file protein.csv (CSV, C-alpha atoms)
chain,number,residue,atom,x,y,z
A,3,MET,CA,-22.7,-6.5,-53.7
A,4,PRO,CA,-19.3,-5.4,-55.0
A,5,PHE,CA,-17.8,-8.9,-54.8
A,6,ALA,CA,-20.2,-10.0,-57.6
A,7,ARG,CA,-17.6,-8.6,-60.0
A,8,LEU,CA,-15.1,-11.2,-58.7
A,9,ALA,CA,-17.7,-14.0,-58.6
A,10,THR,CA,-18.4,-13.7,-62.3
A,11,ALA,CA,-14.9,-13.0,-63.4
A,12,THR,CA,-13.4,-15.4,-66.0
A,13,THR,CA,-9.7,-14.7,-65.5
A,14,PRO,CA,-8.1,-17.3,-63.2
A,15,THR,CA,-6.2,-14.7,-61.1
A,16,ALA,CA,-9.3,-12.7,-60.3
A,17,HIS,CA,-9.8,-15.1,-57.4
A,18,ILE,CA,-6.4,-14.2,-56.0
A,19,GLY,CA,-6.3,-10.9,-54.1
A,20,LEU,CA,-3.3,-8.9,-52.9
A,21,GLY,CA,-3.1,-8.1,-49.2
A,22,LEU,CA,-0.7,-5.2,-48.2
A,23,ALA,CA,0.0,-6.3,-44.6
A,24,ALA,CA,3.7,-7.1,-45.4
A,25,VAL,CA,4.5,-3.9,-47.2
A,26,GLY,CA,2.4,-1.2,-45.5
A,27,ARG,CA,4.8,-1.0,-42.5
A,28,PRO,CA,8.5,-1.8,-41.8
A,29,GLY,CA,7.9,-4.6,-39.3
A,30,TYR,CA,5.8,-7.8,-39.7
A,31,ILE,CA,6.0,-11.5,-38.7
A,32,ASN,CA,6.5,-13.1,-42.1
A,33,LEU,CA,9.5,-15.3,-42.3
A,34,GLY,CA,12.2,-14.2,-44.8
A,35,ARG,CA,11.2,-10.5,-44.6
A,36,ASP,CA,14.7,-9.3,-44.1
A,37,GLU,CA,15.7,-10.7,-47.5
A,38,ASP,CA,12.5,-9.5,-49.1
A,39,LEU,CA,12.7,-5.9,-48.1
A,40,GLY,CA,16.3,-5.2,-47.4
A,41,GLN,CA,17.5,-2.4,-45.2
A,42,ASN,CA,15.7,0.6,-46.7
A,43,ARG,CA,12.2,0.5,-45.2
A,44,SER,CA,11.6,4.2,-45.4
A,45,VAL,CA,8.0,5.5,-46.1
A,46,ASP,CA,9.1,6.4,-49.6
A,47,ALA,CA,10.7,3.0,-50.2
A,48,LEU,CA,7.7,1.0,-49.1
A,49,ARG,CA,5.3,3.3,-50.9
A,50,ALA,CA,7.2,2.7,-54.1
A,51,ARG,CA,7.3,-1.1,-53.5
A,52,THR,CA,3.6,-1.1,-52.8
A,53,HIS,CA,2.8,0.7,-56.0
A,54,GLU,CA,5.0,-1.6,-58.0
A,55,LEU,CA,3.2,-4.6,-56.5
A,56,LEU,CA,-0.2,-3.1,-57.2
A,57,ASP,CA,0.8,-2.3,-60.8
A,58,ALA,CA,2.0,-5.9,-61.3
A,59,ALA,CA,-1.1,-7.4,-59.7
A,60,TYR,CA,-3.5,-5.4,-61.7
A,61,ALA,CA,-1.6,-6.2,-65.0
A,62,GLN,CA,-2.0,-9.9,-64.2
A,63,GLY,CA,-5.7,-9.8,-63.4
A,64,VAL,CA,-5.8,-9.3,-59.7
A,65,ARG,CA,-8.9,-7.2,-58.8
A,66,TYR,CA,-9.2,-7.4,-55.0
A,67,PHE,CA,-6.9,-5.4,-52.7
A,68,ASP,CA,-6.9,-5.7,-49.0
A,69,VAL,CA,-5.6,-3.3,-46.4
A,70,ALA,CA,-6.3,-2.3,-42.7
A,71,ARG,CA,-6.0,0.6,-40.4
A,72,SER,CA,-3.3,-1.3,-38.5
A,73,TYR,CA,-1.2,-2.1,-41.5
A,74,GLY,CA,0.9,1.0,-41.1
A,75,ARG,CA,0.3,3.2,-44.1
A,76,SER,CA,-1.3,0.6,-46.3
A,77,GLU,CA,-4.5,2.6,-46.8
A,78,GLU,CA,-2.5,5.7,-47.6
A,79,PHE,CA,-0.3,3.9,-50.1
A,80,LEU,CA,-3.4,2.2,-51.8
A,81,ALA,CA,-5.3,5.5,-51.9
A,82,ALA,CA,-2.3,7.2,-53.6
A,83,TRP,CA,-2.2,4.4,-56.2
A,84,LEU,CA,-5.9,4.7,-56.9
A,85,HIS,CA,-5.6,8.5,-57.3
A,86,GLN,CA,-2.8,8.0,-59.8
A,87,ASN,CA,-4.8,5.4,-61.7
A,88,PRO,CA,-8.3,6.8,-61.9
A,89,GLY,CA,-9.4,4.6,-64.8
A,90,ARG,CA,-9.0,1.4,-62.8
A,91,ASN,CA,-12.6,1.3,-61.6
A,92,ASP,CA,-13.0,-2.4,-61.7
A,93,VAL,CA,-11.0,-3.1,-58.5
A,94,VAL,CA,-12.6,-4.1,-55.3
A,95,ILE,CA,-11.2,-2.5,-52.1
A,96,GLY,CA,-11.4,-3.9,-48.6
A,97,SER,CA,-10.1,-2.5,-45.4
A,98,LYS,CA,-10.4,-3.4,-41.7
A,99,TRP,CA,-10.9,-1.5,-38.4
A,100,GLY,CA,-10.4,-2.6,-34.8
A,101,TYR,CA,-6.6,-2.3,-34.4
A,102,THR,CA,-4.5,0.8,-34.0
A,103,TYR,CA,-1.0,0.8,-35.5
A,104,THR,CA,1.3,1.8,-32.6
A,105,ALA,CA,4.9,0.9,-33.8
A,106,ASP,CA,5.6,4.5,-35.1
A,107,TRP,CA,7.4,3.1,-38.2
A,108,THR,CA,9.9,0.9,-36.2
A,109,THR,CA,10.5,-2.8,-36.2
A,110,ASP,CA,11.3,-3.2,-32.5
A,111,ALA,CA,8.3,-1.6,-30.8
A,112,GLU,CA,7.0,-3.2,-27.6
A,113,LYS,CA,3.5,-3.3,-29.2
A,114,HIS,CA,2.9,-3.0,-32.9
A,115,GLU,CA,-0.9,-2.8,-32.7
A,116,VAL,CA,-3.6,-2.4,-30.1
A,117,LYS,CA,-7.1,-4.0,-30.4
A,118,ASP,CA,-10.4,-2.3,-29.6
A,119,HIS,CA,-13.8,-3.3,-31.1
A,120,SER,CA,-15.8,-0.6,-29.4
A,121,VAL,CA,-18.2,1.8,-31.2
A,122,ARG,CA,-15.9,4.7,-30.4
A,123,MET,CA,-13.0,2.9,-32.2
A,124,TYR,CA,-15.2,2.2,-35.2
A,125,ASP,CA,-16.3,5.8,-35.5
A,126,ARG,CA,-12.8,7.1,-35.3
A,127,GLN,CA,-11.3,4.6,-37.7
A,128,ARG,CA,-14.2,4.8,-40.1
A,129,ALA,CA,-13.5,8.5,-40.4
A,130,GLU,CA,-9.8,7.9,-40.9
A,131,THR,CA,-10.5,5.3,-43.6
A,132,ALA,CA,-13.0,7.6,-45.3
A,133,GLU,CA,-10.5,10.4,-45.4
A,134,LEU,CA,-8.1,8.2,-47.4
A,135,LEU,CA,-10.3,5.9,-49.5
A,136,GLY,CA,-13.5,7.8,-49.7
A,137,ASP,CA,-16.1,6.2,-51.9
A,138,ARG,CA,-13.5,3.7,-53.3
A,139,LEU,CA,-14.0,1.5,-50.2
A,140,ASP,CA,-16.2,-1.5,-51.0
A,141,LEU,CA,-15.8,-3.6,-47.9
A,142,TYR,CA,-15.2,-2.7,-44.2
A,143,GLN,CA,-14.3,-5.6,-42.0
A,144,ILE,CA,-14.0,-6.0,-38.2
A,145,HIS,CA,-10.4,-7.0,-37.7
A,146,SER,CA,-9.7,-10.3,-36.0
A,147,VAL,CA,-12.9,-11.3,-34.3
A,148,THR,CA,-12.6,-14.0,-31.7
A,149,PRO,CA,-15.5,-15.7,-29.8
A,150,ASP,CA,-15.2,-13.3,-26.8
A,151,SER,CA,-15.1,-10.2,-29.0
A,152,PRO,CA,-17.7,-7.6,-27.9
A,153,ALA,CA,-18.2,-7.0,-31.6
A,154,LEU,CA,-20.4,-10.1,-31.7
A,155,THR,CA,-22.8,-8.8,-29.1
A,156,ASP,CA,-22.7,-5.0,-29.2
A,157,LYS,CA,-26.1,-4.0,-30.6
A,158,GLY,CA,-25.1,-0.4,-30.9
A,159,LEU,CA,-22.1,-1.3,-33.0
A,160,HIS,CA,-24.3,-3.6,-35.1
A,161,ALA,CA,-26.7,-0.7,-35.8
A,162,ARG,CA,-23.8,1.5,-36.9
A,163,LEU,CA,-22.5,-1.1,-39.2
A,164,ALA,CA,-25.9,-1.6,-40.6
A,165,GLU,CA,-26.1,2.1,-41.4
A,166,ALA,CA,-22.9,1.8,-43.4
A,167,ALA,CA,-24.3,-1.2,-45.2
A,168,ALA,CA,-27.4,0.8,-46.1
A,169,GLN,CA,-25.2,3.4,-47.6
A,170,GLY,CA,-23.5,0.8,-49.9
A,171,THR,CA,-20.5,-0.5,-48.0
A,172,SER,CA,-20.4,-4.2,-47.6
A,173,ILE,CA,-19.8,-5.2,-43.9
A,174,GLY,CA,-17.5,-8.2,-43.1
A,175,PHE,CA,-15.3,-9.6,-40.4
A,176,SER,CA,-12.0,-11.4,-40.1
A,177,THR,CA,-11.0,-14.1,-37.6
A,178,SER,CA,-7.8,-15.3,-36.0
A,179,GLY,CA,-6.8,-17.8,-33.3
A,180,PRO,CA,-7.6,-21.4,-32.6
A,181,ALA,CA,-11.3,-20.9,-32.2
A,182,GLN,CA,-12.0,-19.3,-35.6
A,183,ALA,CA,-14.8,-21.7,-36.3
A,184,ASP,CA,-16.7,-20.6,-33.2
A,185,ALA,CA,-16.2,-17.0,-34.1
A,186,ILE,CA,-17.5,-17.6,-37.6
A,187,ARG,CA,-20.6,-19.4,-36.4
A,188,ALA,CA,-21.4,-16.7,-33.8
A,189,ALA,CA,-21.0,-14.0,-36.5
A,190,LEU,CA,-23.4,-15.8,-38.8
A,191,GLU,CA,-26.1,-15.4,-36.1
A,192,VAL,CA,-25.7,-11.6,-36.0
A,193,THR,CA,-28.7,-9.8,-37.5
A,194,VAL,CA,-30.1,-6.3,-37.6
A,195,ASP,CA,-33.9,-5.9,-38.1
A,196,GLY,CA,-34.0,-9.6,-39.0
A,197,GLU,CA,-31.4,-9.4,-41.7
A,198,PRO,CA,-27.8,-10.9,-41.6
A,199,LEU,CA,-25.2,-8.2,-40.9
A,200,PHE,CA,-22.1,-9.7,-42.4
A,201,ARG,CA,-21.6,-10.3,-46.1
A,202,THR,CA,-18.0,-11.5,-46.1
A,203,VAL,CA,-15.7,-13.5,-43.8
A,204,GLN,CA,-11.9,-13.4,-43.9
A,205,SER,CA,-10.1,-16.3,-42.1
A,206,THR,CA,-6.8,-18.1,-41.9
A,207,TYR,CA,-6.8,-21.4,-43.7
A,208,ASN,CA,-3.7,-23.2,-45.1
A,209,ALA,CA,-2.0,-26.6,-45.4
A,210,LEU,CA,-1.1,-26.4,-41.7
A,211,GLU,CA,-4.3,-24.9,-40.2
A,212,THR,CA,-7.6,-26.2,-41.7
A,213,SER,CA,-9.9,-26.0,-38.6
A,214,ALA,CA,-12.0,-23.2,-39.9
A,215,GLY,CA,-12.9,-25.1,-43.1
A,216,PRO,CA,-16.3,-26.5,-42.1
A,217,ALA,CA,-17.5,-23.2,-40.6
A,218,LEU,CA,-16.3,-21.4,-43.8
A,219,ALA,CA,-18.3,-23.8,-45.8
A,220,GLU,CA,-21.4,-22.9,-43.7
A,221,ALA,CA,-20.7,-19.2,-44.2
A,222,HIS,CA,-20.5,-19.8,-48.0
A,223,ASP,CA,-23.7,-21.7,-47.9
A,224,ALA,CA,-25.3,-18.7,-46.0
A,225,GLY,CA,-24.3,-16.4,-48.8
A,226,LEU,CA,-21.1,-14.9,-47.5
A,227,THR,CA,-18.1,-14.4,-49.7
A,228,VAL,CA,-15.1,-16.2,-48.1
A,229,ILE,CA,-11.7,-14.5,-48.3
A,230,VAL,CA,-8.7,-16.6,-47.1
A,231,LYS,CA,-5.7,-15.0,-45.5
A,232,GLU,CA,-2.4,-16.4,-44.5
A,233,GLY,CA,-2.5,-19.1,-47.1
A,234,MET,CA,1.3,-19.2,-46.8
A,235,ALA,CA,1.2,-19.5,-43.0
A,236,ASN,CA,3.3,-16.3,-42.6
A,237,GLY,CA,6.1,-17.8,-44.8
A,238,ARG,CA,6.2,-21.2,-43.2
A,239,LEU,CA,5.0,-22.7,-46.5
A,240,ALA,CA,7.4,-20.7,-48.7
A,241,GLY,CA,10.3,-22.6,-50.4
A,242,PRO,CA,13.1,-22.1,-47.8
A,243,HIS,CA,10.9,-22.9,-44.8
A,244,ALA,CA,8.4,-25.4,-46.4
A,245,PRO,CA,8.0,-28.9,-45.0
A,246,GLN,CA,9.5,-31.7,-47.1
A,247,ALA,CA,6.1,-33.1,-48.3
A,248,LEU,CA,5.2,-29.7,-49.8
A,249,LYS,CA,8.6,-29.3,-51.4
A,250,ALA,CA,8.2,-32.8,-53.0
A,251,VAL,CA,4.8,-32.0,-54.5
A,252,ALA,CA,6.0,-28.6,-55.7
A,253,GLU,CA,8.9,-30.3,-57.5
A,254,GLU,CA,6.4,-32.7,-59.2
A,255,THR,CA,4.3,-29.8,-60.4
A,256,SER,CA,7.4,-27.8,-61.6
A,257,LEU,CA,6.1,-24.8,-59.7
A,258,GLY,CA,6.9,-23.2,-56.3
A,259,CYS,CA,5.9,-24.3,-52.9
A,260,ASP,CA,3.9,-21.1,-52.6
A,261,ALA,CA,1.8,-21.8,-55.7
A,262,VAL,CA,1.0,-25.3,-54.5
A,263,ALA,CA,0.1,-24.0,-51.0
A,264,LEU,CA,-2.2,-21.4,-52.4
A,265,ALA,CA,-3.7,-23.9,-54.9
A,266,LEU,CA,-4.7,-26.1,-52.0
A,267,VAL,CA,-6.8,-23.2,-50.7
A,268,LEU,CA,-8.2,-22.2,-54.2
A,269,ARG,CA,-9.6,-25.7,-54.7
A,270,GLN,CA,-11.9,-25.5,-51.7
A,271,PRO,CA,-15.4,-25.1,-53.1
A,272,TRP,CA,-16.3,-22.4,-50.6
A,273,THR,CA,-13.3,-20.2,-51.5
A,274,GLY,CA,-14.1,-16.8,-53.0
A,275,VAL,CA,-10.8,-15.0,-52.8
A,276,VAL,CA,-7.3,-16.1,-51.7
A,277,LEU,CA,-5.0,-13.4,-50.6
A,278,SER,CA,-1.4,-13.2,-51.7
A,279,GLY,CA,0.8,-11.5,-49.1
A,280,ALA,CA,3.7,-11.0,-51.5
A,281,ALA,CA,6.4,-8.5,-50.7
A,282,THR,CA,8.1,-8.6,-54.1
A,283,THR,CA,6.8,-8.8,-57.7
A,284,GLY,CA,8.7,-12.1,-58.1
A,285,GLN,CA,6.8,-13.6,-55.2
A,286,LEU,CA,3.5,-12.3,-56.6
A,287,ALA,CA,4.2,-13.8,-60.0
A,288,SER,CA,4.9,-17.2,-58.4
A,289,ASN,CA,1.8,-16.9,-56.1
A,290,LEU,CA,-0.4,-16.3,-59.2
A,291,HIS,CA,0.7,-19.7,-60.7
A,292,ALA,CA,-1.6,-21.2,-58.0
A,293,ALA,CA,-4.4,-20.7,-60.5
A,294,VAL,CA,-3.0,-23.4,-62.8
A,295,VAL,CA,-1.8,-26.0,-60.3
A,296,ASP,CA,-3.5,-29.3,-60.7
A,297,LEU,CA,-3.2,-31.7,-57.7
A,298,ASP,CA,-4.1,-35.4,-57.8
A,299,ASP,CA,-5.6,-37.4,-55.0
A,300,GLU,CA,-2.2,-38.9,-53.9
A,301,GLN,CA,-0.6,-35.5,-53.7
A,302,LEU,CA,-3.5,-34.1,-51.8
A,303,ALA,CA,-3.2,-37.0,-49.3
A,304,ARG,CA,0.4,-36.2,-48.7
A,305,LEU,CA,-0.4,-32.6,-48.1
A,306,ALA,CA,-3.2,-33.4,-45.8
A,307,ALA,CA,-0.7,-35.0,-43.4
A,308,LEU,CA,0.8,-31.6,-42.7
A,309,VAL,CA,-2.2,-30.4,-40.7
A,310,GLU,CA,-1.4,-29.3,-37.2
A,311,GLU,CA,-3.6,-29.0,-34.1
A,312,PRO,CA,-5.1,-25.4,-34.1
A,313,GLN,CA,-3.6,-24.7,-30.6
A,314,THR,CA,-0.2,-25.8,-31.8
A,315,TYR,CA,-0.4,-23.7,-35.0
A,316,TRP,CA,-1.5,-20.5,-33.3
A,317,GLU,CA,1.1,-20.9,-30.5
A,318,ARG,CA,3.8,-21.1,-33.0
A,319,ARG,CA,2.4,-18.2,-35.0
A,320,GLY,CA,2.4,-16.1,-31.8
A,321,GLN,CA,6.1,-16.9,-31.4
A,322,LEU,CA,7.1,-15.5,-34.8
A,323,PRO,CA,9.3,-12.4,-34.3
A,324,TRP,CA,8.5,-9.1,-35.9
A,325,HIS,CA,11.2,-8.6,-38.6
call {"tool": "encode", "arguments": {"input": "protein.csv", "output": "structure tokens"}}
result
Amino acid sequence: MPFARLATATTPTAHIGLGLAAVGRPGYINLGRDEDLGQNRSVDALRARTHELLDAAYAQGVRYFDVARSYGRSEEFLAAWLHQNPGRNDVVIGSKWGYTYTADWTTDAEKHEVKDHSVRMYDRQRAETAELLGDRLDLYQIHSVTPDSPALTDKGLHARLAEAAAQGTSIGFSTSGPAQADAIRAALEVTVDGEPLFRTVQSTYNALETSAGPALAEAHDAGLTVIVKEGMANGRLAGPHAPQALKAVAEETSLGCDAVALALVLRQPWTGVVLSGAATTGQLASNLHAAVVDLDDEQLARLAALVEEPQTYWERRGQLPWH
């Protein structure tokens, strides 16, 4: 399994990955994005920014890069970077299928992405991903599985995914919404010819939303690699927007709120990779300090008080505007 390279890595930052959701398209829901990206969000400008981030991440030990069909041109930008750097064969590449990007490179589209977990969608998007990433793709994930997703029960789809697994591509899934734990546990029951289908799970977990934790621990115990997304709660845990308790702990550690927030995730015993969603190299460098943050019991207790009810958290996330 390709993630073995990360599991045995000794560099601290190898367990922090870089997700390109925020820089693969001009519009996204992260807070502070107007300041991060500025006015020029042309394809060329975001391609250059993405490559700058990838260069900086690689130089600092990051080895997992995460994209998706619905992240605008993220696969295209990553593919171009891989082509320009053929010697960087030690990176692990993950992408996702199940959403179509529909914003046409605008920030004010009525719909930015459309979900479809059918076999037809898988076949189409797998071909699109293959055209860009070819044999550099290590992991292909079903994007945002929820308990009612047909991807959990479609035997035809499971057979197709098992075919890809037999050819060397790891198969995973990501989750979203207040019932992430239910989706994770249902996915753990999916088998093909008696063998578990999924090798990885990618879920939202952060100081505000911890409800998936027990299910992620179960997934880890079942042998899946756990990838954590949205560790910064779409910017709600970044310095300007962070709750006072997080700001106080960050000041005590002499590091940023972002480093403390990501460190909280890294310290979970089931965590395999934590994604940075940085939009600037400065943010990335600050995020990577998470690997050296040491939190004591009293600080952890204060941060634990920040947890929200899942329904409240996801309702607020759903209200975040596309910037």
call {"tool": "closest_residue", "arguments": {"input": "protein.csv", "among": "A:Leu154, A:Val116, A:Ala252, A:Ala58", "to": "Gly284 of chain A", "atoms": "all atoms listed in the file"}}
result
A:Ala58
call {"tool": "residues_around", "arguments": {"input": "protein.csv", "residues": "Thr212 of chain A", "least_positions_apart": "3", "cutoff": "10 Å", "atoms": "all atoms listed in the file", "output": "count of residues only"}}
result
12
call {"tool": "atom_distance", "arguments": {"input": "protein.csv", "atom1": "atom CA of Ala307 of chain A", "atom2": "atom CA of Arg35 of chain A"}}
result
27.3 Å
call {"tool": "closest_atom_pairs", "arguments": {"input": "protein.csv", "of": "segment 9-95 of chain A", "to": "segment 99-102 of chain A", "cutoff": "8 Å", "atoms": "only C-alpha atoms", "output": "CSV"}}
result
residue,atom,partner,partner_atom,distance
A:Ala70,CA,A:Trp99,CA,6.3
A:Arg71,CA,A:Trp99,CA,5.7
A:Ser72,CA,A:Thr102,CA,5.1
call {"tool": "closest_residue", "arguments": {"input": "protein.csv", "among": "A:Arg49, A:Arg318, A:Arg138, A:Lys113", "to": "Leu84 of chain A", "atoms": "only C-alpha atoms"}}
result
A:Arg138
call {"tool": "atom_distance", "arguments": {"input": "protein.csv", "atom1": "atom CA of Thr255 of chain A", "atom2": "atom CA of Ala61 of chain A"}}
result
24.8 Å
